[in-house]
>>> print(open('work.cif').read())   # mmCIF, C-alpha atoms
data_my_file
loop_
_atom_site.group_PDB
_atom_site.id
_atom_site.type_symbol
_atom_site.label_atom_id
_atom_site.label_comp_id
_atom_site.auth_asym_id
_atom_site.auth_seq_id
_atom_site.Cartn_x
_atom_site.Cartn_y
_atom_site.Cartn_z
ATOM 1 C CA MET A 1 -55.300 68.587 -65.119
ATOM 2 C CA TRP A 2 -58.681 68.834 -63.402
ATOM 3 C CA ASN A 3 -60.841 65.750 -64.019
ATOM 4 C CA ASN A 4 -64.362 66.981 -64.690
ATOM 5 C CA ARG A 5 -65.779 63.411 -64.515
ATOM 6 C CA ALA A 6 -64.900 62.726 -60.864
ATOM 7 C CA PRO A 7 -67.774 64.785 -59.373
ATOM 8 C CA VAL A 8 -70.239 62.842 -61.549
ATOM 9 C CA ARG A 9 -69.051 59.522 -60.123
ATOM 10 C CA ASN A 10 -69.238 60.856 -56.572
ATOM 11 C CA THR A 11 -72.771 62.121 -57.120
ATOM 12 C CA ALA A 12 -73.835 58.711 -58.492
ATOM 13 C CA ALA A 13 -72.386 57.004 -55.424
ATOM 14 C CA ARG A 14 -74.292 59.317 -53.089
ATOM 15 C CA MET A 15 -77.549 58.873 -54.984
ATOM 16 C CA ALA A 16 -77.293 55.070 -54.922
ATOM 17 C CA LYS A 17 -78.419 54.985 -51.270
ATOM 18 C CA ASP A 18 -81.706 56.673 -52.136
ATOM 19 C CA SER A 19 -82.225 54.898 -55.475
ATOM 20 C CA PRO A 20 -85.595 53.154 -55.950
ATOM 21 C CA ILE A 21 -83.691 50.032 -57.073
ATOM 22 C CA GLN A 22 -80.799 48.386 -55.277
ATOM 23 C CA PHE A 23 -79.052 45.036 -55.695
ATOM 24 C CA LYS A 24 -77.871 42.788 -52.895
ATOM 25 C CA GLY A 25 -76.343 39.334 -52.946
ATOM 26 C CA THR A 26 -78.338 36.509 -51.406
ATOM 27 C CA SER A 27 -78.460 32.733 -51.182
ATOM 28 C CA LEU A 28 -81.757 31.164 -52.192
ATOM 29 C CA LYS A 29 -82.814 27.571 -51.642
ATOM 30 C CA ILE A 30 -83.746 26.199 -55.081
ATOM 31 C CA ILE A 31 -84.739 22.614 -55.785
ATOM 32 C CA GLN A 32 -83.443 20.945 -58.939
ATOM 33 C CA THR A 33 -86.495 19.119 -60.308
ATOM 34 C CA GLN A 34 -85.560 16.506 -62.899
ATOM 35 C CA LEU A 35 -88.406 15.855 -65.325
ATOM 36 C CA ARG A 36 -88.286 13.046 -67.890
ATOM 37 C CA THR A 37 -91.524 14.077 -69.572
ATOM 38 C CA THR A 38 -93.756 17.068 -70.191
ATOM 39 C CA ASP A 39 -96.946 14.990 -70.168
ATOM 40 C CA PRO A 40 -99.189 16.610 -67.491
ATOM 41 C CA ALA A 41 -101.029 13.323 -66.791
ATOM 42 C CA ALA A 42 -97.780 11.430 -66.165
ATOM 43 C CA LEU A 43 -96.436 14.227 -63.961
ATOM 44 C CA HIS A 44 -99.704 14.372 -62.005
ATOM 45 C CA ASP A 45 -99.555 10.624 -61.313
ATOM 46 C CA ALA A 46 -95.898 10.828 -60.250
ATOM 47 C CA LEU A 47 -96.622 13.722 -57.864
ATOM 48 C CA ALA A 48 -99.613 11.891 -56.463
ATOM 49 C CA GLU A 49 -97.415 8.858 -55.778
ATOM 50 C CA LEU A 50 -94.656 10.883 -54.142
ATOM 51 C CA THR A 51 -96.480 13.698 -52.362
ATOM 52 C CA GLY A 52 -100.135 12.705 -52.329
ATOM 53 C CA ASN A 53 -100.637 16.005 -54.223
ATOM 54 C CA SER A 54 -100.494 17.766 -50.868
ATOM 55 C CA PRO A 55 -100.751 21.546 -51.503
ATOM 56 C CA ASP A 56 -98.090 22.376 -48.900
ATOM 57 C CA PHE A 57 -95.674 19.502 -49.495
ATOM 58 C CA PHE A 58 -92.840 21.720 -50.828
ATOM 59 C CA GLU A 59 -93.897 24.813 -48.841
ATOM 60 C CA ASN A 60 -93.521 27.249 -51.770
ATOM 61 C CA GLU A 61 -89.978 26.171 -52.643
ATOM 62 C CA LEU A 62 -88.428 27.503 -55.876
ATOM 63 C CA ALA A 63 -87.524 24.986 -58.591
ATOM 64 C CA ILE A 64 -85.421 24.759 -61.737
ATOM 65 C CA LEU A 65 -87.001 22.270 -64.147
ATOM 66 C CA ASP A 66 -84.193 20.067 -65.466
ATOM 67 C CA PHE A 67 -84.985 18.222 -68.727
ATOM 68 C CA SER A 68 -81.410 17.102 -69.433
ATOM 69 C CA HIS A 69 -82.414 13.415 -69.028
ATOM 70 C CA ALA A 70 -85.772 13.648 -70.809
ATOM 71 C CA GLU A 71 -86.399 11.675 -73.991
ATOM 72 C CA ASP A 72 -88.832 12.178 -76.893
ATOM 73 C CA LEU A 73 -89.886 15.676 -75.910
ATOM 74 C CA PRO A 74 -92.824 17.016 -77.970
ATOM 75 C CA ASP A 75 -92.658 19.971 -80.345
ATOM 76 C CA SER A 76 -94.880 22.100 -78.095
ATOM 77 C CA VAL A 77 -95.561 22.215 -74.361
ATOM 78 C CA ASP A 78 -98.271 23.884 -72.282
ATOM 79 C CA TRP A 79 -95.920 25.479 -69.763
ATOM 80 C CA THR A 80 -98.744 27.171 -67.887
ATOM 81 C CA GLN A 81 -100.346 23.792 -67.199
ATOM 82 C CA ILE A 82 -97.059 22.344 -65.924
ATOM 83 C CA ARG A 83 -96.434 25.337 -63.656
ATOM 84 C CA ASP A 84 -99.959 25.114 -62.251
ATOM 85 C CA LEU A 85 -99.556 21.371 -61.686
ATOM 86 C CA LEU A 86 -96.332 21.840 -59.698
ATOM 87 C CA ARG A 87 -97.774 24.801 -57.802
ATOM 88 C CA ARG A 88 -100.575 22.586 -56.494
ATOM 89 C CA SER A 89 -97.890 20.676 -54.578
ATOM 90 C CA GLY A 90 -96.283 23.900 -53.330
ATOM 91 C CA LEU A 91 -93.455 24.035 -55.908
ATOM 92 C CA SER A 92 -92.851 27.283 -57.848
ATOM 93 C CA ALA A 93 -91.015 26.787 -61.156
ATOM 94 C CA VAL A 94 -88.696 29.711 -61.992
ATOM 95 C CA ALA A 95 -86.440 28.461 -64.817
ATOM 96 C CA THR A 96 -85.517 25.512 -67.053
ATOM 97 C CA ARG A 97 -82.391 23.778 -68.289
ATOM 98 C CA GLY A 98 -81.625 20.985 -70.744
ATOM 99 C CA LEU A 99 -84.327 21.888 -73.273
ATOM 100 C CA PRO A 100 -83.850 21.995 -77.065
ATOM 101 C CA GLU A 101 -83.723 25.497 -78.481
ATOM 102 C CA ALA A 102 -87.331 25.610 -79.734
ATOM 103 C CA LEU A 103 -88.847 24.491 -76.435
ATOM 104 C CA ALA A 104 -86.481 26.720 -74.470
ATOM 105 C CA SER A 105 -87.820 29.702 -76.438
ATOM 106 C CA THR A 106 -91.457 28.876 -75.661
ATOM 107 C CA ALA A 107 -90.587 28.275 -71.995
ATOM 108 C CA GLU A 108 -88.863 31.652 -71.800
ATOM 109 C CA ALA A 109 -91.910 33.298 -73.381
ATOM 110 C CA ALA A 110 -93.996 31.678 -70.620
ATOM 111 C CA GLY A 111 -91.765 33.200 -67.931
ATOM 112 C CA LEU A 112 -89.323 30.294 -67.492
ATOM 113 C CA PRO A 113 -85.883 31.486 -68.642
ATOM 114 C CA THR A 114 -83.078 29.061 -69.422
ATOM 115 C CA VAL A 115 -80.176 28.755 -66.957
ATOM 116 C CA GLY A 116 -76.736 27.310 -67.653
ATOM 117 C CA ASP A 117 -75.197 24.125 -66.287
ATOM 118 C CA ASP A 118 -73.267 26.067 -63.640
ATOM 119 C CA ALA A 119 -76.310 27.860 -62.242
ATOM 120 C CA LEU A 120 -77.065 25.117 -59.711
ATOM 121 C CA SER A 121 -73.615 25.077 -58.160
ATOM 122 C CA ARG A 122 -72.299 28.600 -58.555
ATOM 123 C CA ALA A 123 -71.993 30.549 -55.332
ATOM 124 C CA PRO A 124 -73.675 33.961 -55.288
ATOM 125 C CA ARG A 125 -71.421 36.827 -56.301
ATOM 126 C CA GLN A 126 -70.275 38.880 -53.355
ATOM 127 C CA ARG A 127 -70.126 42.651 -53.578
ATOM 128 C CA THR A 128 -67.824 44.775 -51.502
ATOM 129 C CA PRO A 129 -70.018 47.144 -49.453
ATOM 130 C CA GLU A 130 -69.423 50.845 -49.829
ATOM 131 C CA PRO A 131 -67.768 52.462 -46.812
ATOM 132 C CA PRO A 132 -70.117 54.711 -44.834
ATOM 133 C CA PRO A 133 -69.695 58.477 -45.179
ATOM 134 C CA PRO A 134 -67.189 59.951 -42.708
ATOM 135 C CA THR A 135 -69.928 61.816 -40.851
ATOM 136 C CA GLU A 136 -72.076 58.699 -40.253
ATOM 137 C CA ALA A 137 -71.492 55.966 -37.703
ATOM 138 C CA ALA A 138 -71.028 52.480 -39.112
ATOM 139 C CA PRO A 139 -74.216 50.387 -38.654
ATOM 140 C CA LEU A 140 -74.122 47.501 -36.230
ATOM 141 C CA PRO A 141 -73.932 44.064 -37.895
ATOM 142 C CA PRO A 142 -77.170 42.085 -37.816
ATOM 143 C CA PRO A 143 -77.397 39.315 -35.204
ATOM 144 C CA VAL A 144 -76.159 35.957 -36.391
ATOM 145 C CA PRO A 145 -79.069 33.458 -36.412
ATOM 146 C CA GLU A 146 -78.577 30.235 -34.523
ATOM 147 C CA PRO A 147 -77.805 27.314 -36.849
ATOM 148 C CA ALA A 148 -80.513 24.729 -37.328
ATOM 149 C CA PRO A 149 -79.999 21.546 -35.300
ATOM 150 C CA ARG A 150 -78.040 18.930 -37.222
ATOM 151 C CA THR A 151 -80.223 16.119 -35.848
ATOM 152 C CA VAL A 152 -83.898 15.990 -34.889
ATOM 153 C CA ILE A 153 -85.272 13.124 -32.776
ATOM 154 C CA LEU A 154 -88.848 11.863 -33.090
ATOM 155 C CA ASP A 155 -89.699 9.563 -30.180
ATOM 156 C CA LYS A 156 -93.473 9.301 -30.596
ATOM 157 C CA PRO A 157 -95.365 7.002 -32.990
ATOM 158 C CA LEU A 158 -96.456 8.616 -36.237
ATOM 159 C CA ARG A 159 -99.978 7.548 -37.145
ATOM 160 C CA SER A 160 -101.678 7.289 -40.546
ATOM 161 C CA GLY A 161 -102.151 10.691 -42.167
ATOM 162 C CA GLN A 162 -99.469 12.383 -40.034
ATOM 163 C CA ARG A 163 -96.265 13.873 -41.434
ATOM 164 C CA PHE A 164 -93.004 14.951 -39.782
ATOM 165 C CA TYR A 165 -90.376 17.085 -41.574
ATOM 166 C CA ALA A 166 -86.824 17.573 -40.248
ATOM 167 C CA ARG A 167 -85.818 20.664 -42.200
ATOM 168 C CA GLY A 168 -82.096 21.158 -42.730
ATOM 169 C CA SER A 169 -81.096 18.191 -40.571
ATOM 170 C CA ASP A 170 -80.973 14.430 -40.097
ATOM 171 C CA LEU A 171 -83.918 12.646 -38.502
ATOM 172 C CA ILE A 172 -83.761 9.870 -35.903
ATOM 173 C CA VAL A 173 -87.024 8.010 -35.243
ATOM 174 C CA THR A 174 -87.340 5.724 -32.223
ATOM 175 C CA ALA A 175 -91.030 4.871 -32.593
ATOM 176 C CA MET A 176 -93.139 3.151 -35.230
ATOM 177 C CA ILE A 177 -94.102 4.930 -38.469
ATOM 178 C CA SER A 178 -97.549 3.598 -39.310
ATOM 179 C CA ALA A 179 -98.843 2.866 -42.801
ATOM 180 C CA GLY A 180 -100.094 6.126 -44.319
ATOM 181 C CA ALA A 181 -97.685 8.229 -42.239
ATOM 182 C CA GLU A 182 -94.697 10.092 -43.687
ATOM 183 C CA VAL A 183 -91.283 11.233 -42.472
ATOM 184 C CA ILE A 184 -89.169 13.699 -44.459
ATOM 185 C CA ALA A 185 -85.651 15.009 -43.846
ATOM 186 C CA ASP A 186 -83.198 17.153 -45.765
ATOM 187 C CA GLY A 187 -80.482 14.809 -44.481
ATOM 188 C CA ASN A 188 -80.443 11.133 -43.465
ATOM 189 C CA ILE A 189 -83.327 9.239 -41.858
ATOM 190 C CA HIS A 190 -82.698 6.612 -39.163
ATOM 191 C CA VAL A 191 -85.701 4.547 -38.063
ATOM 192 C CA TYR A 192 -85.062 2.290 -35.059
ATOM 193 C CA ALA A 193 -88.544 0.796 -35.281
ATOM 194 C CA PRO A 194 -90.879 -0.606 -37.956
ATOM 195 C CA LEU A 195 -91.023 1.649 -41.030
ATOM 196 C CA ARG A 196 -94.493 1.018 -42.467
ATOM 197 C CA GLY A 197 -95.265 4.360 -44.105
ATOM 198 C CA ARG A 198 -93.197 6.628 -46.330
ATOM 199 C CA ALA A 199 -89.646 7.900 -45.812
ATOM 200 C CA LEU A 200 -88.130 10.671 -47.958
ATOM 201 C CA ALA A 201 -84.479 11.533 -47.282
ATOM 202 C CA GLY A 202 -82.407 14.231 -49.004
ATOM 203 C CA ALA A 203 -85.589 16.220 -49.619
ATOM 204 C CA SER A 204 -83.585 19.298 -50.677
ATOM 205 C CA GLY A 205 -81.615 17.333 -53.264
ATOM 206 C CA ASP A 206 -78.810 15.771 -51.185
ATOM 207 C CA LYS A 207 -77.880 12.673 -53.228
ATOM 208 C CA ALA A 208 -75.570 11.440 -50.453
ATOM 209 C CA ALA A 209 -78.454 11.088 -47.995
ATOM 210 C CA ARG A 210 -79.564 7.627 -46.842
ATOM 211 C CA ILE A 211 -82.413 5.855 -45.084
ATOM 212 C CA PHE A 212 -81.767 3.251 -42.381
ATOM 213 C CA THR A 213 -84.391 1.115 -40.682
ATOM 214 C CA THR A 214 -84.310 -1.889 -38.391
ATOM 215 C CA SER A 215 -87.567 -3.250 -39.849
ATOM 216 C CA MET A 216 -88.315 -2.603 -43.526
ATOM 217 C CA GLU A 217 -92.093 -2.581 -44.181
ATOM 218 C CA ALA A 218 -92.336 0.686 -46.132
ATOM 219 C CA GLU A 219 -94.911 1.854 -48.654
ATOM 220 C CA LEU A 220 -92.440 4.209 -50.351
ATOM 221 C CA VAL A 221 -88.822 5.270 -49.936
ATOM 222 C CA SER A 222 -87.112 8.202 -51.656
ATOM 223 C CA VAL A 223 -83.665 9.814 -51.752
ATOM 224 C CA ALA A 224 -83.275 13.237 -53.415
ATOM 225 C CA GLY A 225 -86.574 12.783 -55.266
ATOM 226 C CA ILE A 226 -85.778 9.355 -56.736
ATOM 227 C CA TYR A 227 -88.276 6.947 -55.237
ATOM 228 C CA ARG A 228 -89.519 3.380 -55.177
ATOM 229 C CA THR A 229 -92.908 2.101 -54.095
ATOM 230 C CA PHE A 230 -93.817 -1.283 -52.650
ATOM 231 C CA GLU A 231 -97.430 -1.726 -53.714
ATOM 232 C CA ALA A 232 -96.970 -5.497 -53.855
ATOM 233 C CA GLY A 233 -95.083 -5.509 -50.577
ATOM 234 C CA VAL A 234 -91.401 -5.407 -49.672
ATOM 235 C CA PRO A 235 -89.312 -8.203 -51.266
ATOM 236 C CA GLY A 236 -89.157 -11.289 -49.051
ATOM 237 C CA ASP A 237 -85.422 -11.047 -48.369
ATOM 238 C CA LEU A 238 -85.879 -7.508 -46.992
ATOM 239 C CA GLU A 239 -89.288 -7.681 -45.338
ATOM 240 C CA ARG A 240 -89.036 -6.782 -41.632
ATOM 241 C CA GLN A 241 -85.252 -6.882 -41.927
ATOM 242 C CA PRO A 242 -82.641 -4.189 -41.229
ATOM 243 C CA THR A 243 -82.357 -2.255 -44.498
ATOM 244 C CA THR A 244 -80.542 0.718 -45.977
ATOM 245 C CA VAL A 245 -81.642 2.870 -48.927
ATOM 246 C CA SER A 246 -79.202 4.997 -50.926
ATOM 247 C CA LEU A 247 -78.463 6.316 -54.418
ATOM 248 C CA MET A 248 -75.955 4.626 -56.686
ATOM 249 C CA GLU A 249 -74.433 6.164 -59.797
ATOM 250 C CA ASP A 250 -75.359 4.276 -62.944
ATOM 251 C CA GLY A 251 -73.458 5.906 -65.775
ATOM 252 C CA SER A 252 -74.714 9.483 -66.017
ATOM 253 C CA GLU A 253 -77.774 8.794 -63.846
ATOM 254 C CA PHE A 254 -78.607 7.718 -60.305
ATOM 255 C CA ARG A 255 -80.744 4.775 -59.270
ATOM 256 C CA LEU A 256 -82.176 3.824 -55.913
ATOM 257 C CA ASN A 257 -80.457 0.945 -54.126
ATOM 258 C CA VAL A 258 -82.440 -0.905 -51.426
ATOM 259 C CA ALA A 259 -80.234 -3.447 -49.658
ATOM 260 C CA ALA A 260 -79.993 -5.512 -46.492
ATOM 261 C CA LEU A 261 -78.163 -3.854 -43.605
ATOM 262 C CA ALA A 262 -75.692 -6.111 -41.846
ATOM 263 C CA LEU A 263 -75.891 -5.412 -38.100
ATOM 264 C CA ARG A 264 -73.832 -8.393 -37.006
#
>>> encode(input="work.cif", output="structure tokens")
Amino acid sequence: MWNNRAPVRNTAARMAKDSPIQFKGTSLKIIQTQLRTTDPAALHDALAELTGNSPDFFENELAILDFSHAEDLPDSVDWTQIRDLLRRSGLSAVATRGLPEALASTAEAAGLPTVGDDALSRAPRQRTPEPPPPTEAAPLPPPVPEPAPRTVILDKPLRSGQRFYARGSDLIVTAMISAGAEVIADGNIHVYAPLRGRALAGASGDKAARIFTTSMEAELVSVAGIYRTFEAGVPGDLERQPTTVSLMEDGSEFRLNVAALALR
């Protein structure tokens, strides 16, 4: 029997190439931003402590706002104010998770849809490309970009007000990081000199990242966004001593561990 639906499917397949809307799989870099409060003043102070409220600190990265560890959330939230606050540090909020139903509804109305627990770890769905028509030559594959270096070396002193970012790699520093200076890496940070400024490892959310220094004199250290400041100075048993900074699991949460580094 002749199938009168087959030509319709073939026509749809041919038209898809000229359609004004097409869908392609991709892999986007999205930062999981854990928020324990919706208080704009508290968030502003925390961002000021961590980033100095620098407008290009996150370089327009996308973020999912994770409230799964927040306590005593209010009945209403000014989501526009929170988005504007994060945007001033270069972070663009695109979704939320961990909110109660009422707040999730208001967030969605403000353009922040809710995502599930698996959204942060699920790999993008791959689609099988359609074979080219018999009369057309298959397109050449795009050139494969060179991978980013796994390690970046900084061998010059970093002075107050300067910042150095090792994107997608570890960072090795062989010169002094002055007070007021800042080093950032998506991986580990090794400082074989006095660390007197700020060091932020695992900047893209890598909780396994660490900071190592041969002389701990830091103003702030951070791993995967969890930070500690030393406004009153580094504890006496660690001051100017070899030190390592890492995250330790504490129940369902992570806490920052700053400990002496045994070199002998």
>>> resolve_selection(input="work.cif", expression="the PyMOL selection byres ((chain A and resi 68) around 9)", output="VMD selection string")
chain A and resid 34 to 36 66 to 67 69 to 71 97 to 99
>>> axis_aligned_box(input="work.cif", around="region 102-109 of chain A", padding_each_side="4 Å", output="JSON")
{"center_x": -89.2, "center_y": 28.9, "center_z": -75.8, "size_x": 13.4, "size_y": 16.8, "size_z": 15.9}
>>> closest_residue(input="work.cif", among="A:Leu43, A:Leu158, A:Val221, A:Leu50", to="Asp84 (chain A)", atoms="only C-alpha atoms")
A:Leu43
>>> closest_residue(input="work.cif", among="A:Thr114, A:Ser19, A:Thr38, A:Ser160", to="Val77 (chain A)", atoms="only C-alpha atoms")
A:Thr38
>>> resolve_selection(input="work.cif", expression="the PyMOL selection byres ((chain A and resi 185) around 6)", output="VMD selection string")
chain A and resid 165 to 167 184 186 to 187 201 203
>>> closest_residue(input="work.cif", among="A:Ala109, A:Leu103, A:Ile31, A:Val245", to="Gly90 (chain A)", atoms="all atoms listed in the file")
A:Ile31
>>> resolve_selection(input="work.cif", expression="the PyMOL selection byres ((chain A and resi 161) around 10)", output="PyMOL selection string")
chain A and resi 158-160+162-163+178-182+197
>>> residues_around(input="work.cif", residues="Pro242 (chain A)", least_positions_apart="4", cutoff="6 Å", atoms="only C-alpha atoms", output="PDB file with C-alpha atoms, in the coordinates of the input")
ATOM      1  CA  THR A 213     -84.391   1.115 -40.682  1.00  0.00           C
ATOM      2  CA  THR A 214     -84.310  -1.889 -38.391  1.00  0.00           C
ATOM      3  CA  SER A 215     -87.567  -3.250 -39.849  1.00  0.00           C
ATOM      4  CA  LEU A 261     -78.163  -3.854 -43.605  1.00  0.00           C
TER       5      LEU A 261
END
>>> residues_around(input="work.cif", residues="Ala232 (chain A)", least_positions_apart="5", cutoff="12 Å", atoms="all atoms listed in the file", output="list of chain:residue names")
A:Glu217, A:Ala218, A:Glu219, A:Leu220, A:Glu239
>>> atom_distance(input="work.cif", atom1="CA of Arg87 (chain A)", atom2="CA of Ala46 (chain A)")
14.3 Å
>>> atom_distance(input="work.cif", atom1="CA of Ala107 (chain A)", atom2="CA of Asp78 (chain A)")
8.9 Å
>>> residues_around(input="work.cif", residues="Thr51 (chain A)", least_positions_apart="5", cutoff="10 Å", atoms="only C-alpha atoms", output="JSON, numbers by chain")
{"A": [45, 46, 56, 57, 58, 89, 182, 198, 200]}
>>> closest_residue(input="work.cif", among="A:Asp237, A:Leu65, A:Gly111, A:Ala193", to="Thr96 (chain A)", atoms="all atoms listed in the file")
A:Leu65
>>> atom_distance(input="work.cif", atom1="CA of Ala209 (chain A)", atom2="CA of Ser222 (chain A)")
9.8 Å
>>> build_atoms(input="work.cif", residues="region 171-186 of chain A", atoms="N, CA and C atoms", output="mmCIF file, keeping the file's coordinate frame")
data_model
loop_
_atom_site.group_PDB
_atom_site.id
_atom_site.type_symbol
_atom_site.label_atom_id
_atom_site.label_comp_id
_atom_site.auth_asym_id
_atom_site.auth_seq_id
_atom_site.Cartn_x
_atom_site.Cartn_y
_atom_site.Cartn_z
ATOM 1 N N LEU A 171 -82.777 13.014 -39.337
ATOM 2 C CA LEU A 171 -83.918 12.646 -38.502
ATOM 3 C C LEU A 171 -83.690 11.256 -37.914
ATOM 4 N N ILE A 172 -83.830 11.155 -36.595
ATOM 5 C CA ILE A 172 -83.761 9.870 -35.903
ATOM 6 C C ILE A 172 -85.143 9.574 -35.338
ATOM 7 N N VAL A 173 -85.694 8.407 -35.693
ATOM 8 C CA VAL A 173 -87.024 8.010 -35.243
ATOM 9 C C VAL A 173 -86.884 6.779 -34.353
ATOM 10 N N THR A 174 -87.439 6.852 -33.155
ATOM 11 C CA THR A 174 -87.340 5.724 -32.223
ATOM 12 C C THR A 174 -88.696 5.108 -31.932
ATOM 13 N N ALA A 175 -89.689 5.430 -32.757
ATOM 14 C CA ALA A 175 -91.030 4.871 -32.593
ATOM 15 C C ALA A 175 -91.556 4.477 -33.967
ATOM 16 N N MET A 176 -92.620 3.698 -33.985
ATOM 17 C CA MET A 176 -93.139 3.151 -35.230
ATOM 18 C C MET A 176 -93.713 4.242 -36.135
ATOM 19 N N ILE A 177 -93.474 4.083 -37.458
ATOM 20 C CA ILE A 177 -94.102 4.930 -38.469
ATOM 21 C C ILE A 177 -95.188 4.095 -39.131
ATOM 22 N N SER A 178 -96.431 4.411 -38.845
ATOM 23 C CA SER A 178 -97.549 3.598 -39.310
ATOM 24 C C SER A 178 -97.746 3.735 -40.814
ATOM 25 N N ALA A 179 -98.459 2.767 -41.398
ATOM 26 C CA ALA A 179 -98.843 2.866 -42.801
ATOM 27 C C ALA A 179 -99.678 4.121 -42.994
ATOM 28 N N GLY A 180 -99.390 4.875 -44.069
ATOM 29 C CA GLY A 180 -100.094 6.126 -44.319
ATOM 30 C C GLY A 180 -99.443 7.334 -43.682
ATOM 31 N N ALA A 181 -98.429 7.117 -42.835
ATOM 32 C CA ALA A 181 -97.685 8.229 -42.239
ATOM 33 C C ALA A 181 -96.450 8.518 -43.083
ATOM 34 N N GLU A 182 -95.804 9.668 -42.832
ATOM 35 C CA GLU A 182 -94.697 10.092 -43.687
ATOM 36 C C GLU A 182 -93.657 10.854 -42.886
ATOM 37 N N VAL A 183 -92.389 10.489 -43.061
ATOM 38 C CA VAL A 183 -91.283 11.233 -42.472
ATOM 39 C C VAL A 183 -90.404 11.768 -43.598
ATOM 40 N N ILE A 184 -89.969 13.016 -43.445
ATOM 41 C CA ILE A 184 -89.169 13.699 -44.459
ATOM 42 C C ILE A 184 -87.989 14.357 -43.758
ATOM 43 N N ALA A 185 -86.826 14.326 -44.398
ATOM 44 C CA ALA A 185 -85.651 15.009 -43.846
ATOM 45 C C ALA A 185 -84.790 15.511 -44.991
ATOM 46 N N ASP A 186 -84.148 16.658 -44.776
ATOM 47 C CA ASP A 186 -83.198 17.153 -45.765
ATOM 48 C C ASP A 186 -81.902 16.352 -45.719
#
